2 protein chains.
Amino acid sequence: MKAYAEMTREELAEEIAALKKEYRKFQNMELHLDMSRGKPCQEQLDLSMEMMDVLKSGSDLTCEDGTDCRNYGGLTGIEEARELLGDMMENNPKDIIIFGNSSLNVMYDTVARAFTHGVMGCTPWCKLEKVKFLCPVPGYDRHFAITEHFGIEMIPVPMTTTGPQMDLVEKLVAEDETIKGIWCVPKYSNPQGYSYSDETVRRFARLKPAARDFRIYWDNAYGMHHLYDDKQDYLIEILAECKRAGNPDLVYKFASTSKITFPGSGIAALATSPNNMDDFCNTLKFQTIGHDKVNQLRHVRFFGDIHGMVEHMRKHADILRPKFETVENTLKEELEGLGIGTWTCPLGGYFIHFESLPNCAKAIVARAKKAGMIMTKAGATWPYGKDPYDTSIRIAPTYPSASDIALAAKLFALCVKLVSAEKLLEEKKQESAQAQEA
Amino acid sequence: MKAYAEMTREELAEEIAALKKEYRKFQNMELHLDMSRGKPCQEQLDLSMEMMDVLKSGSDLTCEDGTDCRNYGGLTGIEEARELLGDMMENNPKDIIIFGNSSLNVMYDTVARAFTHGVMGCTPWCKLEKVKFLCPVPGYDRHFAITEHFGIEMIPVPMTTTGPQMDLVEKLVAEDETIKGIWCVPKYSNPQGYSYSDETVRRFARLKPAARDFRIYWDNAYGMHHLYDDKQDYLIEILAECKRAGNPDLVYKFASTSKITFPGSGIAALATSPNNMDDFCNTLKFQTIGHDKVNQLRHVRFFGDIHGMVEHMRKHADILRPKFETVENTLKEELEGLGIGTWTCPLGGYFIHFESLPNCAKAIVARAKKAGMIMTKAGATWPYGKDPYDTSIRIAPTYPSASDIALAAKLFALCVKLVSAEKLLEEKKQESAQAQEA
């Protein structure tokens with residue numbers, strides 16, 4: 001088929017009529033599809049049900065070092081869990097703190113702590129006139145929501161296929177002392193599924209921030225989340241790289257098992273330098289006596305070791321891979337050559353990113369909604385929910401069932417075509433009106 | 001035996017010699033006793049082991065309302081858990097938020113939130129010159145540690161057998177707009193085991209604080225923790241009383257199952273007014289997607305209902321009652337009539353409070369330590385860890401085994417006698433020296 005931009009007004013009008021007919025068919029199906037959030041599907045949750053059997057009433061809930069997991073204590077987590085998560089995060093267990101069920105909560109608390117008590121002896125942010133964060137865009141809405149909640153000014157930095165534009169990042173953090181952090185999802189990024197290149201990670205580790213309390217907020221949410229056995233992105237380990245670069249305290253690295261076992265009942269972790277660890281624990285010791293050690297032990301005994309976790313992740317991949325491929329193939333079949341959008345084909349993570357024609361994303365998401373499909377709000381991938389180009393749409397293919405996903409992808413492609421065709425026709429009409437006036 | 005104060009110098013010297021001999025016997029035993037923290041003992045932990053069996057790989061982890069507990073979501077907790085904790089806290093389930101494993105963490109976050117975002121639209125505390133809290137003394141060291149960590153000035157208010165001195169509380173909160181809160185453990189208080197009288201609770205509900213963002217931090221940690229079936233303290237429900245008094249937003253009420261199931265792996269809860277709930281959720285929604293629902297469901301299925309929990313608490317009481325009675329009987333046998341201290345005999349909770357002669361508490365705790373017994377640091381029951389009278393000692397009889405507890409109590413009484421006798425002898429020597437000078 002011809003690219004839409006090359007169609008005449010008559011051809012576009014004809015195309016729109018046909019698309020509308022098809023759209024009405026979808027509307028008549030009274031669908032309830034949800035591609036809005038990065039939520040595992042039921043089949044994925046079922047993969048971890050045997051975790052419910054590893055601790056029984058007759059089990060010994062004692063750690064190797066003698067800690068009774070049932071009682072109080074253990075601020076940084078049980079050693080076995082630090083070791084497992086250390087293997088998962090490619091960090092030394094001693095550099096790891098195990099938290100509760102949510103890495104988002106750890107990130108929030110990290111910003112809150114900097115706000116109330118400052119980072120390693122620096123002025124608490126609540127005492128400063130202005131605090132800013134760099135936000136690679138498109139990015140993760142919940143990151144942006146935390147910084148917005150604390151009144152932190154967010155500066156968008158464009159993403160590339162190799163990570164954020166590092167020239168800009170380097171320049172901004174070196175110039176501006178009020179820039180205190182940058183949100184990163186370095187592997188299979190949310191929402192594009194890009195992974196930072198070796199050069200990008202090396203440049204991150206060598207940043208020369210003006211602010212002593214600048215930290216990289218490195219949310220490695222998808223470190224284990226490959227879709228393929230044979231094609232996998234590789235990410236340089238940032239803590240080690242920072243240490244090599246003489247910047248050991250530059251990074252807070254977050255991860256969790258939320259998308260490995262159960263999203264609401266996993267364990268979260270932080271990996272960071274000894275100095276940062278001390279800083280965390282100086283507050284953490286007032287906040288809690290310790291996190292849920294029984295659940296830590298449950299995870300350790302379920303996986304056995306990192307190999308067990310890797311094998312487990314292959315089962316997730318087997319469920320997710322066909323869903324991603326269905327969306328990608330449908331987009332290719334339906335949209336290739338039309339010149340009305342591009343999309344990513346990530347090798348892992350939870351999202352596909354679609355880039356529409358300018359000023360079309362909101363309309364596409366609204367169209368999908370009217371036919372019974374909820375998508376991530378257009379604009380959500382930008383700070384303050386405002387995408388200045390109105391082009392960024394996050395597609396979350398994990399939650400719908402295998403049978404629904406084909407339908408969902410078709411409906412999405414249809415909405416893209418319909419909105420784009422209408423937009424182009426509108427533009428052509430305006431152009432010819434202007435030509436007549438002239 | 002004669003009261004120590006009535007002994008002559010010779011009698012005291014003789015007594016000290018005898019006590020030292022006995023003390024050396026204890027030292028030779030090379031004891032490792034721990035009466036420092038309110039920690040359940042192993043037998044108590046064993047009571048909840050069957051909770052490990054209620055969720056199995058074949059279980060349906062779906063709530064009555066269809067929520068899959070394994071997935072994301074459920075900011076305020078699953079309905080079944082709100083109902084169970086509602087029954088436990090004597091509150092309407094709709095007034096309850098279920099959190100993670102630690103009510104201390106909820107309290108910390110509540111203060112942190114007031115600090116960063118303010119209470120219900122009031123100025124965030126980080127923007128104020130001065131913030132103060134009232135601290136009933138003796139009280140709970142971890143409460144005081146939170147407020148100290150945030151630089152909040154703590155004003156001690158004396159405890160009585162019926163609760164804090166309410167004349168003083170009423171006067172201070174009415175006069176001083178910088179007073180933003182008061183820490184309360186209203187039932188079986190930490191460390192005395194006193195419960196607030198009906199009049200005290202009614203007066204709390206009718207406080208007229210100068211500060212609009214003043215709240216009562218009502219830590220009902222021991223609401224279910226009776227030691228006796230037939231003798232139990234009763235506490236008026238504060239939320240309902242505040243509502244009746246026209247002060248619905250005056251209180252945050254905290255509780256948890258930490259000392260009901262497992263201290264590190266229980267569930268915590270907040271009960272408060274709808275306005276306060278909204279205020280909490282406005283921050284909570286940025287902090288997390290939801291707490292551990294699987295663990296909530298595990299608790300609900302383990303107890304069945306509040307009757308199940310009450311029966312469970314009787315088993316705890318059966319383990320703890322003899323320990324409390326051993327300590328109380330030993331103190332009576334060893335110290336009654338000597339005039340060197342008083343102690344509480346609570347009907348529930350986790351502590352016995354001992355009040356020594358002035359300027360003796362630190363020395364007693366130090367003596368105990370030198371004979372191999374760790375007690376709560378003297379002074380810990382006061383803000384900043386500073387007891388101006390040096391008389392307050394918290395005794396935690398729950399953790400040592402039944403056989404150790406008798407020994408521990410005897411050793412403690414011995415240390416009290418030894419330190420008191422030495423103190424009195426010293427005083428008598430000084431008095432007679434002064435008499436000779438005069």
# chains A, B, ... in the order shown; residues from 1 in each chain; ligands from 1
$ select_by_dssp --residues "stretch 162-401 of chain B" --states "strand (DSSP E or B)" --output "ChimeraX atom specification"
/B:163-164,179-184,215-219,226,251-256,268-271,341-343,348,352-356,373-375,392-395
$ write_last_selection --atoms "N, CA and C atoms" --output "CSV table (one decimal), in the first residue's frame"
chain,number,residue,atom,x,y,z
B,163,GLY,N,-2.5,7.3,82.5
B,163,GLY,CA,-2.1,7.9,81.2
B,163,GLY,C,-1.3,9.1,81.5
B,164,PRO,N,-0.9,9.9,80.4
B,164,PRO,CA,-0.1,11.1,80.6
B,164,PRO,C,-0.9,12.1,81.4
B,179,ILE,N,3.7,22.7,68.7
B,179,ILE,CA,3.5,21.3,69.1
B,179,ILE,C,2.6,20.6,68.1
B,180,LYS,N,3.1,19.6,67.4
B,180,LYS,CA,2.4,19.0,66.3
B,180,LYS,C,2.0,17.6,66.6
B,181,GLY,N,2.4,17.0,67.7
B,181,GLY,CA,2.1,15.6,68.0
B,181,GLY,C,2.4,15.2,69.4
B,182,ILE,N,1.8,14.0,69.7
B,182,ILE,CA,2.2,13.4,71.0
B,182,ILE,C,2.2,11.9,70.7
B,183,TRP,N,3.3,11.2,71.2
B,183,TRP,CA,3.4,9.8,71.1
B,183,TRP,C,2.7,9.1,72.2
B,184,CYS,N,1.8,8.2,71.9
B,184,CYS,CA,1.0,7.4,72.9
B,184,CYS,C,1.1,5.9,72.7
B,215,ARG,N,-1.6,16.1,65.6
B,215,ARG,CA,-2.2,14.7,65.6
B,215,ARG,C,-1.7,13.9,66.8
B,216,ILE,N,-2.6,13.1,67.3
B,216,ILE,CA,-2.2,12.1,68.3
B,216,ILE,C,-1.7,10.9,67.6
B,217,TYR,N,-0.4,10.5,67.9
B,217,TYR,CA,0.2,9.3,67.3
B,217,TYR,C,0.0,8.1,68.3
B,218,TRP,N,-1.1,7.4,68.0
B,218,TRP,CA,-1.7,6.5,68.9
B,218,TRP,C,-1.2,5.1,68.6
B,219,ASP,N,-0.2,4.6,69.2
B,219,ASP,CA,0.4,3.4,68.8
B,219,ASP,C,-0.1,2.3,69.7
B,226,HIS,N,-3.2,-9.3,76.2
B,226,HIS,CA,-3.6,-9.5,77.6
B,226,HIS,C,-2.7,-10.7,78.1
B,251,VAL,N,-6.6,11.9,65.2
B,251,VAL,CA,-5.7,10.8,65.6
B,251,VAL,C,-5.3,9.9,64.4
B,252,TYR,N,-4.0,9.5,64.5
B,252,TYR,CA,-3.5,8.4,63.7
B,252,TYR,C,-3.4,7.2,64.6
B,253,LYS,N,-4.0,6.1,64.3
B,253,LYS,CA,-3.9,4.9,65.1
B,253,LYS,C,-3.1,3.8,64.4
B,254,PHE,N,-2.1,3.3,65.1
B,254,PHE,CA,-1.2,2.3,64.5
B,254,PHE,C,-1.3,1.0,65.2
B,255,ALA,N,-1.2,-0.1,64.4
B,255,ALA,CA,-1.2,-1.4,65.1
B,255,ALA,C,-0.5,-2.4,64.1
B,256,SER,N,-0.2,-3.5,64.5
B,256,SER,CA,0.4,-4.6,63.7
B,256,SER,C,0.2,-5.9,64.3
B,268,ALA,N,1.1,-4.6,59.1
B,268,ALA,CA,0.9,-3.4,59.9
B,268,ALA,C,-0.4,-2.6,59.4
B,269,ALA,N,-1.0,-1.8,60.2
B,269,ALA,CA,-2.2,-1.1,59.8
B,269,ALA,C,-2.3,0.3,60.4
B,270,LEU,N,-3.0,1.1,59.7
B,270,LEU,CA,-3.3,2.4,60.2
B,270,LEU,C,-4.8,2.6,60.2
B,271,ALA,N,-5.4,3.1,61.3
B,271,ALA,CA,-6.8,3.5,61.3
B,271,ALA,C,-6.9,5.0,61.5
B,341,GLY,N,13.0,0.6,95.6
B,341,GLY,CA,12.5,0.6,94.2
B,341,GLY,C,11.1,0.2,94.2
B,342,THR,N,10.4,0.5,93.1
B,342,THR,CA,9.0,0.1,92.9
B,342,THR,C,9.0,-0.5,91.4
B,343,TRP,N,8.0,-1.3,91.2
B,343,TRP,CA,7.8,-1.9,89.9
B,343,TRP,C,6.4,-2.1,89.5
B,348,GLY,N,-0.9,-6.9,80.9
B,348,GLY,CA,-0.6,-7.2,79.4
B,348,GLY,C,0.6,-6.5,78.9
B,352,ILE,N,7.8,-4.8,82.1
B,352,ILE,CA,7.6,-4.4,83.5
B,352,ILE,C,8.5,-3.2,83.6
B,353,HIS,N,8.1,-2.2,84.4
B,353,HIS,CA,8.9,-1.0,84.6
B,353,HIS,C,9.4,-1.0,86.0
B,354,PHE,N,10.7,-0.7,86.2
B,354,PHE,CA,11.3,-0.6,87.5
B,354,PHE,C,11.7,0.8,87.7
B,355,GLU,N,11.4,1.3,88.9
B,355,GLU,CA,11.8,2.7,89.3
B,355,GLU,C,12.7,2.5,90.5
B,356,SER,N,14.0,2.9,90.2
B,356,SER,CA,15.0,2.7,91.3
B,356,SER,C,15.0,4.0,92.2
B,373,MET,N,24.2,-10.0,81.7
B,373,MET,CA,22.8,-9.8,81.4
B,373,MET,C,22.6,-8.4,80.7
B,374,ILE,N,22.1,-8.5,79.5
B,374,ILE,CA,21.8,-7.2,78.8
B,374,ILE,C,20.4,-6.7,79.1
B,375,MET,N,20.3,-5.5,79.5
B,375,MET,CA,19.0,-4.9,79.7
B,375,MET,C,18.9,-3.7,78.8
B,392,SER,N,14.7,5.1,85.8
B,392,SER,CA,13.8,4.3,85.0
B,392,SER,C,14.5,3.1,84.3
B,393,ILE,N,14.0,1.9,84.6
B,393,ILE,CA,14.6,0.7,83.9
B,393,ILE,C,13.4,-0.1,83.3
B,394,ARG,N,13.6,-0.4,82.0
B,394,ARG,CA,12.6,-1.2,81.4
B,394,ARG,C,13.0,-2.7,81.4
B,395,ILE,N,12.2,-3.5,81.9
B,395,ILE,CA,12.5,-5.0,82.0
B,395,ILE,C,11.6,-5.7,80.9
$ residues_around --residues "stretch 94-98 of chain B" --least-positions-apart "6" --cutoff "8 Å" --atoms "only C-alpha atoms" --output "JSON, numbers by chain"
{"B": [75, 76, 77, 78, 81, 82, 85, 86, 267, 268, 269, 270, 271, 272, 273, 274, 277, 291]}
$ write_last_selection --atoms "N, CA and C atoms" --output "mmCIF file, in the first residue's frame"
data_model
loop_
_atom_site.group_PDB
_atom_site.id
_atom_site.type_symbol
_atom_site.label_atom_id
_atom_site.label_comp_id
_atom_site.auth_asym_id
_atom_site.auth_seq_id
_atom_site.Cartn_x
_atom_site.Cartn_y
_atom_site.Cartn_z
ATOM 1 N N LEU B 75 -3.771 -0.512 46.874
ATOM 2 C CA LEU B 75 -3.020 0.436 47.703
ATOM 3 C C LEU B 75 -3.391 0.367 49.183
ATOM 4 N N THR B 76 -4.668 0.167 49.493
ATOM 5 C CA THR B 76 -5.099 0.202 50.896
ATOM 6 C C THR B 76 -5.220 -1.192 51.507
ATOM 7 N N GLY B 77 -4.848 -2.218 50.758
ATOM 8 C CA GLY B 77 -4.905 -3.575 51.291
ATOM 9 C C GLY B 77 -6.133 -4.325 50.809
ATOM 10 N N ILE B 78 -6.093 -5.644 50.952
ATOM 11 C CA ILE B 78 -7.242 -6.447 50.512
ATOM 12 C C ILE B 78 -8.375 -6.305 51.535
ATOM 13 N N ALA B 81 -8.375 -8.431 54.735
ATOM 14 C CA ALA B 81 -7.394 -8.038 55.754
ATOM 15 C C ALA B 81 -7.856 -6.779 56.484
ATOM 16 N N ARG B 82 -8.485 -5.868 55.756
ATOM 17 C CA ARG B 82 -9.009 -4.660 56.403
ATOM 18 C C ARG B 82 -10.103 -5.034 57.397
ATOM 19 N N LEU B 85 -8.214 -6.809 60.482
ATOM 20 C CA LEU B 85 -7.511 -5.812 61.294
ATOM 21 C C LEU B 85 -8.498 -4.790 61.859
ATOM 22 N N GLY B 86 -9.575 -4.556 61.131
ATOM 23 C CA GLY B 86 -10.633 -3.687 61.652
ATOM 24 C C GLY B 86 -11.210 -4.273 62.941
ATOM 25 N N ILE B 267 1.707 -8.032 59.438
ATOM 26 C CA ILE B 267 1.168 -6.922 58.644
ATOM 27 C C ILE B 267 0.817 -5.772 59.585
ATOM 28 N N ALA B 268 1.102 -4.570 59.120
ATOM 29 C CA ALA B 268 0.859 -3.369 59.908
ATOM 30 C C ALA B 268 -0.364 -2.649 59.358
ATOM 31 N N ALA B 269 -0.967 -1.815 60.197
ATOM 32 C CA ALA B 269 -2.173 -1.106 59.750
ATOM 33 C C ALA B 269 -2.272 0.262 60.398
ATOM 34 N N LEU B 270 -2.965 1.127 59.699
ATOM 35 C CA LEU B 270 -3.317 2.446 60.203
ATOM 36 C C LEU B 270 -4.825 2.561 60.189
ATOM 37 N N ALA B 271 -5.392 3.126 61.265
ATOM 38 C CA ALA B 271 -6.816 3.471 61.252
ATOM 39 C C ALA B 271 -6.915 4.968 61.465
ATOM 40 N N THR B 272 -7.682 5.620 60.625
ATOM 41 C CA THR B 272 -7.830 7.064 60.781
ATOM 42 C C THR B 272 -9.070 7.550 60.032
ATOM 43 N N SER B 273 -9.329 8.849 60.126
ATOM 44 C CA SER B 273 -10.530 9.418 59.515
ATOM 45 C C SER B 273 -10.422 9.429 57.992
ATOM 46 N N PRO B 274 -11.563 9.559 57.304
ATOM 47 C CA PRO B 274 -11.522 9.648 55.836
ATOM 48 C C PRO B 274 -10.627 10.786 55.331
ATOM 49 N N MET B 277 -7.132 9.660 55.755
ATOM 50 C CA MET B 277 -6.910 8.578 54.782
ATOM 51 C C MET B 277 -6.543 9.148 53.415
ATOM 52 N N HIS B 291 1.100 -2.959 48.980
ATOM 53 C CA HIS B 291 1.902 -3.789 49.878
ATOM 54 C C HIS B 291 1.658 -5.276 49.606
#
$ closest_atom_pairs --of "chain A" --to "chain B" --cutoff "6 Å" --atoms "only C-alpha atoms" --output "Markdown table"
| residue | atom | partner | partner_atom | distance |
| --- | --- | --- | --- | --- |
| A:Met49 | CA | B:Ser57 | CA | 4.7 |
| A:Glu50 | CA | B:Ser57 | CA | 4.8 |
| A:Met52 | CA | B:Lys56 | CA | 4.9 |
| A:Asp53 | CA | B:Lys56 | CA | 5.4 |
| A:Lys56 | CA | B:Met52 | CA | 4.9 |
| A:Ser57 | CA | B:Met49 | CA | 4.7 |
| A:Arg70 | CA | B:Phe262 | CA | 5.2 |
| A:Asn71 | CA | B:Pro263 | CA | 5.0 |
| A:Tyr72 | CA | B:Gly264 | CA | 5.1 |
| A:Leu104 | CA | B:Thr288 | CA | 5.8 |
| A:Asn105 | CA | B:Gln287 | CA | 4.9 |
| A:Tyr108 | CA | B:Gln287 | CA | 5.4 |
| A:Ile146 | CA | B:Phe286 | CA | 5.8 |
| A:Phe262 | CA | B:Arg70 | CA | 5.2 |
| A:Pro263 | CA | B:Asn71 | CA | 5.0 |
| A:Gly264 | CA | B:Tyr72 | CA | 5.1 |
| A:Ser265 | CA | B:Asp292 | CA | 4.8 |
| A:Phe286 | CA | B:Ile146 | CA | 5.8 |
| A:Gln287 | CA | B:Asn105 | CA | 4.9 |
| A:Thr288 | CA | B:Asn105 | CA | 5.1 |
| A:Asp292 | CA | B:Ser265 | CA | 4.8 |
$ closest_residue --among "A:Glu311, A:Asp213, A:Asp404, A:Asp390" --to "A:Cys122" --atoms "only C-alpha atoms"
A:Asp213
$ atom_distance --atom1 "atom CA of B:Ser195" --atom2 "atom CA of B:Tyr234"
7.6 Å
$ residues_around --residues "B:Gly349" --least-positions-apart "4" --cutoff "12 Å" --atoms "only C-alpha atoms" --output "JSON, numbers by chain"
{"B": [38, 39, 40, 185, 186, 187, 188, 189, 190, 191, 192, 193, 194, 195, 220, 221, 222, 223, 224, 225, 226, 227, 228, 232, 233, 259, 260, 313, 316, 317, 320, 321, 324, 344, 345, 353, 395, 396, 397, 398]}
$ write_last_selection --atoms "C-alpha atoms" --output "PDB file, in the first residue's frame"
ATOM      1  CA  GLY B  38      10.382  -6.636  73.520  1.00  0.00           C
ATOM      2  CA  LYS B  39      11.122  -9.674  71.449  1.00  0.00           C
ATOM      3  CA  PRO B  40       8.910 -12.760  71.370  1.00  0.00           C
ATOM      4  CA  VAL B 185       1.096   3.730  73.707  1.00  0.00           C
ATOM      5  CA  PRO B 186      -2.367   3.783  75.240  1.00  0.00           C
ATOM      6  CA  LYS B 187      -2.794   0.181  76.298  1.00  0.00           C
ATOM      7  CA  TYR B 188      -0.313  -1.802  78.342  1.00  0.00           C
ATOM      8  CA  SER B 189       2.043   1.099  77.746  1.00  0.00           C
ATOM      9  CA  ASN B 190       5.693   0.704  76.929  1.00  0.00           C
ATOM     10  CA  PRO B 191       7.382   0.405  79.416  1.00  0.00           C
ATOM     11  CA  GLN B 192       4.999   0.594  82.404  1.00  0.00           C
ATOM     12  CA  GLY B 193       2.112  -1.516  81.172  1.00  0.00           C
ATOM     13  CA  TYR B 194      -0.420   1.153  82.180  1.00  0.00           C
ATOM     14  CA  SER B 195      -3.615   1.624  80.202  1.00  0.00           C
ATOM     15  CA  ASN B 220      -1.889   0.652  70.001  1.00  0.00           C
ATOM     16  CA  ALA B 221       0.828  -1.980  69.827  1.00  0.00           C
ATOM     17  CA  TYR B 222      -0.555  -4.159  72.600  1.00  0.00           C
ATOM     18  CA  GLY B 223      -4.297  -3.983  72.065  1.00  0.00           C
ATOM     19  CA  MET B 224      -4.644  -7.774  71.956  1.00  0.00           C
ATOM     20  CA  HIS B 225      -1.835  -8.577  74.372  1.00  0.00           C
ATOM     21  CA  HIS B 226      -3.556  -9.542  77.601  1.00  0.00           C
ATOM     22  CA  LEU B 227      -1.752 -11.784  80.063  1.00  0.00           C
ATOM     23  CA  TYR B 228      -4.903 -12.936  81.842  1.00  0.00           C
ATOM     24  CA  GLN B 232      -7.927  -7.336  81.397  1.00  0.00           C
ATOM     25  CA  ASP B 233      -7.580  -3.617  80.843  1.00  0.00           C
ATOM     26  CA  LYS B 259       3.698  -9.681  68.204  1.00  0.00           C
ATOM     27  CA  ILE B 260       0.787 -11.860  67.085  1.00  0.00           C
ATOM     28  CA  MET B 313      -3.430 -14.603  71.743  1.00  0.00           C
ATOM     29  CA  HIS B 316       0.850 -16.258  73.734  1.00  0.00           C
ATOM     30  CA  ALA B 317      -0.471 -15.308  77.174  1.00  0.00           C
ATOM     31  CA  LEU B 320       4.266 -15.030  78.769  1.00  0.00           C
ATOM     32  CA  ARG B 321       2.217 -14.996  81.980  1.00  0.00           C
ATOM     33  CA  PHE B 324       5.966 -11.943  84.037  1.00  0.00           C
ATOM     34  CA  THR B 344       4.708  -2.329  87.806  1.00  0.00           C
ATOM     35  CA  CYS B 345       2.668  -5.536  87.560  1.00  0.00           C
ATOM     36  CA  HIS B 353       8.904  -1.015  84.576  1.00  0.00           C
ATOM     37  CA  ILE B 395      12.452  -4.968  81.988  1.00  0.00           C
ATOM     38  CA  ALA B 396      11.613  -7.137  78.967  1.00  0.00           C
ATOM     39  CA  PRO B 397      10.781 -10.599  80.249  1.00  0.00           C
ATOM     40  CA  THR B 398       9.524 -12.177  77.021  1.00  0.00           C
TER      41      THR B 398
END
$ residues_around --residues "A:Lys369" --least-positions-apart "3" --cutoff "12 Å" --atoms "only C-alpha atoms" --output "short mmCIF file (atom, residue, chain, number, x, y, z; two decimals) with N, CA and C atoms, in the first residue's frame"
data_model
loop_
_atom_site.label_atom_id
_atom_site.label_comp_id
_atom_site.auth_asym_id
_atom_site.auth_seq_id
_atom_site.Cartn_x
_atom_site.Cartn_y
_atom_site.Cartn_z
N TYR A 23 -13.43 -0.14 12.19
CA TYR A 23 -13.43 0.31 13.59
C TYR A 23 -14.78 0.01 14.25
N PHE A 26 -15.01 -3.46 15.48
CA PHE A 26 -14.36 -3.63 16.79
C PHE A 26 -15.26 -3.11 17.91
N GLN A 27 -15.87 -1.95 17.64
CA GLN A 27 -16.75 -1.39 18.68
C GLN A 27 -17.90 -2.33 19.00
N GLU A 30 -17.61 -5.13 21.72
CA GLU A 30 -17.63 -4.78 23.16
C GLU A 30 -16.44 -5.37 23.91
N LEU A 31 -15.28 -5.00 23.45
CA LEU A 31 -14.03 -5.54 24.01
C LEU A 31 -13.70 -4.93 25.37
N HIS A 32 -12.94 -5.68 26.16
CA HIS A 32 -12.33 -5.13 27.38
C HIS A 32 -10.87 -5.54 27.39
N LEU A 33 -10.07 -4.79 26.68
CA LEU A 33 -8.64 -5.11 26.57
C LEU A 33 -7.84 -4.11 27.41
N ASP A 34 -6.73 -4.59 27.99
CA ASP A 34 -5.91 -3.71 28.83
C ASP A 34 -4.44 -3.85 28.45
N MET A 35 -3.93 -2.85 27.79
CA MET A 35 -2.49 -2.82 27.48
C MET A 35 -1.84 -1.62 28.17
N SER A 36 -2.36 -1.27 29.35
CA SER A 36 -1.93 -0.02 29.97
C SER A 36 -0.69 -0.15 30.84
N LYS A 362 -2.33 11.20 21.47
CA LYS A 362 -3.52 11.30 22.33
C LYS A 362 -4.76 10.79 21.61
N ALA A 363 -4.89 11.19 20.35
CA ALA A 363 -6.07 10.80 19.58
C ALA A 363 -6.11 9.29 19.37
N ILE A 364 -4.94 8.68 19.16
CA ILE A 364 -4.89 7.22 18.96
C ILE A 364 -5.34 6.50 20.24
N VAL A 365 -4.79 6.94 21.38
CA VAL A 365 -5.14 6.30 22.65
C VAL A 365 -6.63 6.48 22.96
N ALA A 366 -7.15 7.68 22.59
CA ALA A 366 -8.59 7.94 22.82
C ALA A 366 -9.46 7.04 21.94
N GLY A 372 -12.88 0.01 23.50
CA GLY A 372 -12.77 -0.95 24.60
C GLY A 372 -11.37 -1.38 24.96
N MET A 373 -10.36 -0.63 24.53
CA MET A 373 -8.99 -1.00 24.90
C MET A 373 -8.29 0.13 25.66
N ILE A 374 -7.85 -0.18 26.88
CA ILE A 374 -7.13 0.81 27.68
C ILE A 374 -5.64 0.71 27.39
N MET A 375 -5.04 1.85 27.07
CA MET A 375 -3.60 1.92 26.88
C MET A 375 -3.03 2.91 27.90
N THR A 376 -1.70 2.89 28.08
CA THR A 376 -1.06 3.90 28.92
C THR A 376 -1.44 5.28 28.39
N LYS A 377 -1.79 6.17 29.27
CA LYS A 377 -2.18 7.52 28.87
C LYS A 377 -1.10 8.15 27.98
N ALA A 378 -1.52 8.71 26.87
CA ALA A 378 -0.53 9.39 26.02
C ALA A 378 0.07 10.54 26.81
N ALA A 408 -5.88 -7.05 20.15
CA ALA A 408 -5.46 -5.76 20.69
C ALA A 408 -4.50 -5.07 19.72
N LEU A 411 -6.38 -3.83 16.66
CA LEU A 411 -7.17 -2.64 17.00
C LEU A 411 -6.26 -1.41 17.12
N PHE A 412 -5.11 -1.61 17.76
CA PHE A 412 -4.19 -0.49 17.90
C PHE A 412 -3.74 0.02 16.52
N CYS A 415 -6.41 2.00 14.90
CA CYS A 415 -6.55 3.35 15.47
C CYS A 415 -5.44 4.26 14.93
#
$ residues_around --residues "A:Tyr4" --least-positions-apart "5" --cutoff "9 Å" --atoms "only C-alpha atoms" --output "PyMOL selection string"
chain A and resi 11-12+337-340+417+420-421+424
$ write_last_selection --atoms "N, CA and C atoms" --output "CSV table (one decimal), in the first residue's frame"
chain,number,residue,atom,x,y,z
A,11,GLU,N,-8.2,9.7,-2.1
A,11,GLU,CA,-7.7,8.4,-1.6
A,11,GLU,C,-7.8,8.3,-0.1
A,12,LEU,N,-7.4,9.4,0.5
A,12,LEU,CA,-7.4,9.4,2.0
A,12,LEU,C,-8.9,9.3,2.5
A,337,GLY,N,5.4,0.7,5.6
A,337,GLY,CA,5.3,1.4,4.3
A,337,GLY,C,4.3,2.5,4.3
A,338,LEU,N,3.5,2.7,5.3
A,338,LEU,CA,2.5,3.7,5.4
A,338,LEU,C,3.0,5.1,5.8
A,339,GLY,N,4.2,5.0,6.4
A,339,GLY,CA,4.9,6.2,6.9
A,339,GLY,C,4.1,7.0,8.0
A,340,ILE,N,3.4,6.2,8.8
A,340,ILE,CA,2.6,6.9,9.9
A,340,ILE,C,3.1,6.5,11.3
A,417,LYS,N,-3.9,4.0,12.1
A,417,LYS,CA,-4.2,4.3,10.7
A,417,LYS,C,-5.3,5.4,10.6
A,420,SER,N,-4.2,8.8,11.8
A,420,SER,CA,-3.2,9.4,11.0
A,420,SER,C,-3.8,9.9,9.7
A,421,ALA,N,-4.7,9.0,9.1
A,421,ALA,CA,-5.3,9.4,7.8
A,421,ALA,C,-6.2,10.7,8.0
A,424,LEU,N,-3.8,13.6,8.3
A,424,LEU,CA,-3.2,14.0,7.0
A,424,LEU,C,-4.3,14.7,6.1
